[in-house]
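**Student:** Structure file run_29.txt (compact mmCIF, C-alpha atoms) is given on the next line.
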```txt
# COMPACT_ATOMS: atom_id res chain seq x y z
CA MET A 259 119.38 102.39 107.06
CA HIS A 260 116.28 103.81 105.45
CA LYS A 261 116.13 104.21 101.70
CA HIS A 262 114.07 106.81 99.92
CA TRP A 263 112.67 107.07 96.46
CA GLU A 264 113.52 110.45 95.04
CA GLN A 265 111.35 112.38 92.64
CA GLY A 266 112.64 115.57 91.10
CA GLY A 267 115.35 115.91 93.72
CA ARG A 268 113.02 115.88 96.73
CA ARG A 269 112.63 112.78 98.81
CA GLY A 270 108.98 112.25 99.09
CA ALA A 271 105.72 110.49 98.94
CA ILE A 272 106.27 107.13 100.56
CA SER A 273 109.70 106.34 101.90
CA ALA A 274 111.64 103.29 102.93
CA ALA A 275 109.93 101.97 106.01
CA ALA A 276 106.75 103.59 104.78
CA VAL A 277 105.04 100.30 104.25
CA ALA A 278 106.00 97.04 105.96
CA VAL A 279 103.79 94.44 104.33
CA LEU A 280 102.59 91.23 105.92
CA LEU A 281 100.25 89.38 103.55
CA LEU A 282 98.64 86.02 104.07
CA VAL A 283 97.88 85.07 100.47
CA ALA A 284 97.45 81.47 99.30
CA GLY A 285 98.99 80.30 102.58
CA ALA A 286 102.22 82.23 102.00
CA VAL A 287 103.59 84.94 104.26
CA VAL A 288 105.01 87.86 102.29
CA ILE A 289 107.01 90.48 104.15
CA VAL A 290 107.81 93.69 102.29
CA ILE A 291 109.75 96.62 103.68
CA GLY A 292 110.27 99.93 101.93
CA VAL A 293 109.24 101.52 98.66
CA ARG A 294 110.70 102.66 95.37
CA GLY A 295 109.32 104.23 92.19
CA SER A 296 108.11 101.81 89.50
CA THR A 297 104.97 100.66 87.76
CA GLU A 298 106.29 97.27 86.65
CA PRO A 299 104.17 94.22 87.46
CA SER A 300 104.71 92.63 90.85
CA PRO A 301 105.93 89.15 91.70
CA ALA A 302 103.30 86.50 92.37
CA ALA A 303 101.95 86.73 95.89
CA SER A 304 103.22 83.25 96.74
CA THR A 305 106.86 84.22 96.22
CA MET A 306 109.10 85.55 98.98
CA PRO A 307 110.53 88.93 97.94
CA SER A 308 114.19 89.55 98.43
CA ALA A 309 115.30 91.92 101.16
CA THR A 310 118.43 92.84 99.21
CA SER A 311 118.78 96.48 98.22
CA THR A 312 118.84 97.12 94.48
CA GLN A 313 120.12 100.51 93.50
CA GLY A 314 121.30 101.26 89.99
CA ASP A 315 120.25 101.25 86.38
CA SER A 316 116.77 99.76 86.08
CA ALA A 317 117.59 98.57 82.56
CA SER A 318 120.01 96.02 84.02
CA LYS A 319 117.47 94.55 86.41
CA PRO A 320 115.84 91.20 85.62
CA LYS A 321 112.24 91.21 84.58
CA LYS A 322 109.78 90.37 87.31
CA PRO A 323 106.97 87.84 86.81
CA ARG A 324 103.48 89.18 86.57
CA GLY A 325 101.46 89.49 89.75
CA VAL A 326 98.16 87.86 90.53
CA ALA A 327 95.47 89.71 88.59
CA ALA A 328 92.40 90.72 90.57
CA ARG A 329 90.16 88.45 88.54
CA GLU A 330 92.34 85.46 89.46
CA LEU A 331 91.99 85.99 93.20
CA PRO A 332 89.43 83.90 95.08
CA THR A 333 86.22 85.55 96.19
CA PRO A 334 85.59 84.23 99.72
CA ARG A 335 82.26 84.70 101.43
CA SER A 336 82.05 87.05 104.38
CA ASP A 337 79.56 86.99 107.24
CA PHE A 338 80.32 90.60 108.11
CA GLY A 339 79.14 92.66 105.18
CA LEU A 340 79.17 93.11 101.42
CA VAL A 341 81.95 91.44 99.44
CA LEU A 342 82.48 91.99 95.70
CA PRO A 343 84.13 89.77 93.09
CA GLY A 344 87.62 90.76 91.99
CA SER A 345 87.94 93.68 89.57
CA SER A 346 90.88 96.05 89.21
CA PRO A 347 90.43 99.69 90.33
CA VAL A 348 90.64 102.32 87.61
CA ALA A 349 89.68 105.59 89.35
CA LEU A 350 89.47 107.06 92.85
CA THR A 351 87.26 109.85 94.18
CA ILE A 352 87.32 111.29 97.72
CA PRO A 353 84.98 114.31 97.72
CA SER A 354 85.79 115.57 101.22
CA ILE A 355 89.48 116.14 100.38
CA GLU A 356 88.99 116.92 96.68
CA VAL A 357 90.70 113.83 95.29
CA ASN A 358 89.56 112.98 91.78
CA ALA A 359 92.10 110.60 90.26
CA ASN A 360 91.03 109.17 86.89
CA LYS A 361 93.96 106.75 86.79
CA ILE A 362 95.20 104.11 89.21
CA VAL A 363 98.46 102.34 88.45
CA ASP A 364 99.47 98.83 89.51
CA LEU A 365 102.03 98.50 92.29
CA GLY A 366 103.95 95.35 93.07
CA VAL A 367 107.01 94.21 94.96
CA ALA A 368 110.54 95.18 93.95
CA GLU A 369 113.50 92.79 93.91
CA ASP A 370 114.80 94.36 97.11
CA GLY A 371 111.63 93.55 99.01
CA SER A 372 110.16 97.03 98.72
CA ILE A 373 106.70 98.00 97.58
CA GLU A 374 106.65 100.00 94.38
CA VAL A 375 105.21 103.51 94.34
CA PRO A 376 103.67 105.51 91.49
CA GLU A 377 106.05 107.48 89.30
CA ASP A 378 103.32 110.07 88.75
CA ALA A 379 102.59 112.11 91.89
CA SER A 380 99.02 112.69 90.70
CA ALA A 381 98.19 108.98 90.30
CA PRO A 382 97.58 106.65 93.24
CA GLY A 383 98.59 103.01 92.95
CA TRP A 384 96.91 99.74 93.90
CA PHE A 385 99.02 97.02 95.55
CA THR A 386 98.16 94.13 93.21
CA PRO A 387 99.29 91.12 95.30
CA GLY A 388 96.56 92.02 97.80
CA PRO A 389 92.79 92.09 97.37
CA ALA A 390 91.10 94.36 94.86
CA PRO A 391 88.95 97.08 96.44
CA GLY A 392 85.68 95.41 97.39
CA GLN A 393 87.09 91.92 97.84
CA LEU A 394 87.38 90.31 101.26
CA GLY A 395 90.41 91.67 103.06
CA PRO A 396 92.39 94.92 103.10
CA ALA A 397 92.87 96.45 99.65
CA VAL A 398 95.78 98.90 99.66
CA ILE A 399 96.07 102.10 97.62
CA ALA A 400 99.19 104.23 98.10
CA GLY A 401 99.96 107.70 96.83
CA HIS A 402 102.35 110.62 97.15
CA VAL A 403 101.86 113.41 99.64
CA ASP A 404 103.89 115.91 97.63
CA SER A 405 106.41 116.35 94.84
CA GLU A 406 108.94 118.92 93.74
CA SER A 407 106.16 120.88 92.06
CA GLY A 408 103.85 120.95 95.08
CA PRO A 409 101.05 118.96 96.74
CA ALA A 410 100.34 115.49 95.36
CA VAL A 411 97.27 113.25 95.21
CA PHE A 412 97.20 112.32 98.92
CA HIS A 413 98.34 115.68 100.26
CA ARG A 414 95.18 116.02 102.40
CA LEU A 415 94.77 112.39 103.40
CA GLY A 416 95.21 113.30 107.06
CA ASP A 417 92.14 115.56 106.86
CA LEU A 418 89.76 112.64 106.32
CA GLY A 419 87.17 112.17 109.05
CA GLN A 420 85.11 109.25 110.26
CA GLY A 421 82.28 108.51 107.83
CA ASP A 422 83.82 110.30 104.87
CA ARG A 423 83.21 108.42 101.62
CA VAL A 424 85.86 106.99 99.32
CA LYS A 425 84.65 105.86 95.90
CA VAL A 426 86.66 103.40 93.83
CA THR A 427 85.58 102.83 90.23
CA ARG A 428 86.39 99.29 89.13
CA ARG A 429 87.15 97.85 85.72
CA ASP A 430 83.86 95.95 85.66
CA GLY A 431 81.99 99.28 85.81
CA SER A 432 80.95 99.05 89.45
CA VAL A 433 81.76 101.74 92.02
CA ALA A 434 82.78 100.46 95.43
CA THR A 435 82.01 102.97 98.16
CA PHE A 436 83.94 102.86 101.42
CA ALA A 437 83.30 104.70 104.69
CA VAL A 438 86.34 105.95 106.59
CA ASP A 439 86.66 104.42 110.05
CA ARG A 440 89.71 106.32 111.26
CA VAL A 441 92.94 107.97 110.17
CA GLU A 442 96.17 107.25 112.01
CA SER A 443 99.74 108.51 111.92
CA TYR A 444 102.57 106.08 112.66
CA LYS A 445 106.29 106.55 113.07
CA LYS A 446 108.06 104.60 110.36
CA ASN A 447 109.92 102.50 112.90
CA ALA A 448 106.64 101.54 114.57
CA PHE A 449 104.49 100.78 111.53
CA PRO A 450 101.62 98.40 112.52
CA THR A 451 102.08 95.79 109.80
CA ARG A 452 99.33 93.42 110.90
CA ALA A 453 96.77 96.15 111.49
CA VAL A 454 97.31 97.54 108.01
CA TYR A 455 97.97 94.43 105.91
CA GLY A 456 96.65 91.54 108.00
CA THR A 457 93.55 89.54 107.12
CA THR A 458 90.10 90.96 107.91
CA ASN A 459 86.59 89.53 108.04
CA ARG A 460 85.10 92.11 105.67
CA ALA A 461 86.03 94.15 102.60
CA GLU A 462 88.27 97.00 103.74
CA LEU A 463 90.48 99.67 102.22
CA ARG A 464 93.76 101.25 103.30
CA LEU A 465 94.97 104.56 101.88
CA ILE A 466 98.63 105.24 102.65
CA THR A 467 100.99 108.16 102.22
CA CYS A 468 103.88 109.81 104.04
CA GLY A 469 103.37 112.30 106.81
CA GLY A 470 104.72 113.86 109.95
CA ARG A 471 107.87 115.91 110.11
CA TYR A 472 110.08 116.10 107.04
CA ASP A 473 113.80 115.60 107.60
CA SER A 474 116.16 116.69 104.84
CA GLU A 475 118.42 113.69 105.49
CA THR A 476 115.95 110.87 106.02
CA GLY A 477 112.70 112.16 104.48
CA TYR A 478 109.28 111.94 106.11
CA LEU A 479 109.40 110.38 109.55
CA SER A 480 105.84 109.03 109.68
CA ASN A 481 103.09 107.50 107.60
CA THR A 482 99.44 108.49 107.39
CA VAL A 483 97.01 105.59 107.02
CA ALA A 484 93.27 105.87 106.43
CA PHE A 485 91.22 102.78 107.34
CA ALA A 486 87.84 102.28 105.64
CA HIS A 487 85.28 99.54 105.01
CA LEU A 488 82.94 98.77 102.11
CA VAL A 489 79.41 100.10 102.55
CA ASN A 490 77.85 99.71 99.11
CA ALA A 491 78.54 99.24 95.41
```
Now that the file is in, can you turn its structure into structure tokens?
**Tutor:**
Amino acid sequence: MHKHWEQGGRRGAISAAAVAVLLLVAGAVVIVIGVRGSTEPSPAASTMPSATSTQGDSASKPKKPRGVAARELPTPRSDFGLVLPGSSPVALTIPSIEVNANKIVDLGVAEDGSIEVPEDASAPGWFTPGPAPGQLGPAVIAGHVDSESGPAVFHRLGDLGQGDRVKVTRRDGSVATFAVDRVESYKKNAFPTRAVYGTTNRAELRLITCGGRYDSETGYLSNTVAFAHLVNA
């Protein structure tokens, strides 16, 4: 059964099978299915998240350990392009679809094995157990497609075209610029985990939101994923 994070009474942004995560971090395989709303720190990447559903009062939930900060991640060398040292993202600009987010929240893994999603529909979130934008591998930034009040930060993600620029401002003051390679739509029950979250031989970026038809019982039936690679900083 799919779960959905609800905001303001409407099921939205990124729903249960929205993101199935397969990370190869520090030799550990982390599988994450689903999403929920939270900005608490994530578990360390080397831990195996629970697949148990947790629904109820968040105040009664145990505290989660802090995730691996971007500066603590290794900075491997790549033979296939520019790679930057780790630095957390703080802002996101996508001129072609008029995204200008001056805040990026941290997203981690929930106790039930789901990936957290931003509570604020206007703020995208960076999945902290993975690479920081600009590091070797696929950095992941997720955001809402809509909310009860209307379109959200990634409402036009599906309009991105090949070559469009995505600019990520990082905490160290640098701006990592990515070029969009392609935008795909996937049914939630056929989400390509390895293609989205698997290891890569260059610095890449994934932007993820919900998409496709909206069902009043189950929420959005698909996910929109933009794939991009680092071109300069």
**Student:** Would you mind listing, for every residue of range 360-443 of chain A within 12 Å of range 477-484 of chain A, the two atoms forming the shortest contact and the distance between them in Å to one decimal, using all atoms listed in the file, sorted by chain and ascending residue number, as a Markdown table?
**Tutor:**
```
| residue | atom | partner | partner_atom | distance |
| --- | --- | --- | --- | --- |
| A:Pro396 | CA | A:Ala484 | CA | 11.5 |
| A:Ala397 | CA | A:Ala484 | CA | 11.6 |
| A:Val398 | CA | A:Val483 | CA | 10.0 |
| A:Ile399 | CA | A:Ala484 | CA | 10.0 |
| A:Ala400 | CA | A:Val483 | CA | 9.3 |
| A:Gly401 | CA | A:Thr482 | CA | 10.6 |
| A:His402 | CA | A:Thr482 | CA | 10.9 |
| A:Val403 | CA | A:Thr482 | CA | 9.5 |
| A:Asp404 | CA | A:Tyr478 | CA | 10.8 |
| A:Phe412 | CA | A:Thr482 | CA | 9.6 |
| A:His413 | CA | A:Thr482 | CA | 10.2 |
| A:Arg414 | CA | A:Thr482 | CA | 10.0 |
| A:Leu415 | CA | A:Thr482 | CA | 7.3 |
| A:Gly416 | CA | A:Thr482 | CA | 6.4 |
| A:Asp417 | CA | A:Ala484 | CA | 9.8 |
| A:Leu418 | CA | A:Ala484 | CA | 7.6 |
| A:Gly419 | CA | A:Ala484 | CA | 9.2 |
| A:Gln420 | CA | A:Ala484 | CA | 9.6 |
| A:Gly421 | CA | A:Ala484 | CA | 11.4 |
| A:Asp422 | CA | A:Ala484 | CA | 10.6 |
| A:Arg423 | CA | A:Ala484 | CA | 11.4 |
| A:Val424 | CA | A:Ala484 | CA | 10.3 |
| A:Phe436 | CA | A:Ala484 | CA | 11.0 |
| A:Ala437 | CA | A:Ala484 | CA | 10.2 |
| A:Val438 | CA | A:Ala484 | CA | 6.9 |
| A:Asp439 | CA | A:Ala484 | CA | 7.7 |
| A:Arg440 | CA | A:Ala484 | CA | 6.0 |
| A:Val441 | CA | A:Ala484 | CA | 4.3 |
| A:Glu442 | CA | A:Val483 | CA | 5.3 |
| A:Ser443 | CA | A:Thr482 | CA | 4.5 |
```
**Student:** Report, in Å with one decimal, the straight-line distance from CA of Thr458 in chain A to CA of Val363 in chain A.
**Tutor:**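 Here the two named atoms are 24.0 Å from each other.
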**Student:** Closest to Gly469 in chain A among A:Pro450, A:Ala486, A:Tyr444, A:Val426, using all atoms listed in the file?
**Tutor:**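 The shortest atom-to-atom distance to Gly469 in chain A comes from A:Tyr444.
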**Student:** How many Å separate CA of Phe385 in chain A from CA of Asp473 in chain A?
**Tutor:**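 Atom-to-atom, CA of Phe385 in chain A and CA of Asp473 in chain A are spaced 26.6 Å apart.
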**Student:** Separation of CA of Glu374 in chain A and CA of Ile466 in chain A, in Å?
**Tutor:** 12.7 Å
**Student:** Can you list, as number ranges by chain, every protein, DNA or RNA residue that comes within 6 Å of Thr427 in chain A when you count all atoms listed in the file, leaving out same-chain residues fewer than 2 positions away?
**Tutor:** A: 347-349, 433
**Student:** Pick out the closest residue to Leu350 in chain A from this set: A:Asn459, A:Ser405, A:Asn447, A:Thr435. Count all atoms listed in the file.
**Tutor:**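 Once distances to Leu350 in chain A are computed over all atoms listed in the file, the minimum belongs to A:Thr435.
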**Student:** Residues within 7 Å of (93.8, 109.1, 94.8), file coordinates, counting all atoms listed in the file: what are they? Give the list as a PyMOL selection string.
**Tutor:** chain A and resi 350-351+357-359+381-382+401+411-412
**Student:** Give the centre and edge lengths of an axis-aligned box, in Å to one decimal, that holds all listed atoms of range 345-355 of chain A with 4 Å on each side, as JSON.
**Tutor:**
```
{"center_x": 87.9, "center_y": 104.9, "center_z": 94.4, "size_x": 13.9, "size_y": 30.5, "size_z": 21.6}
```
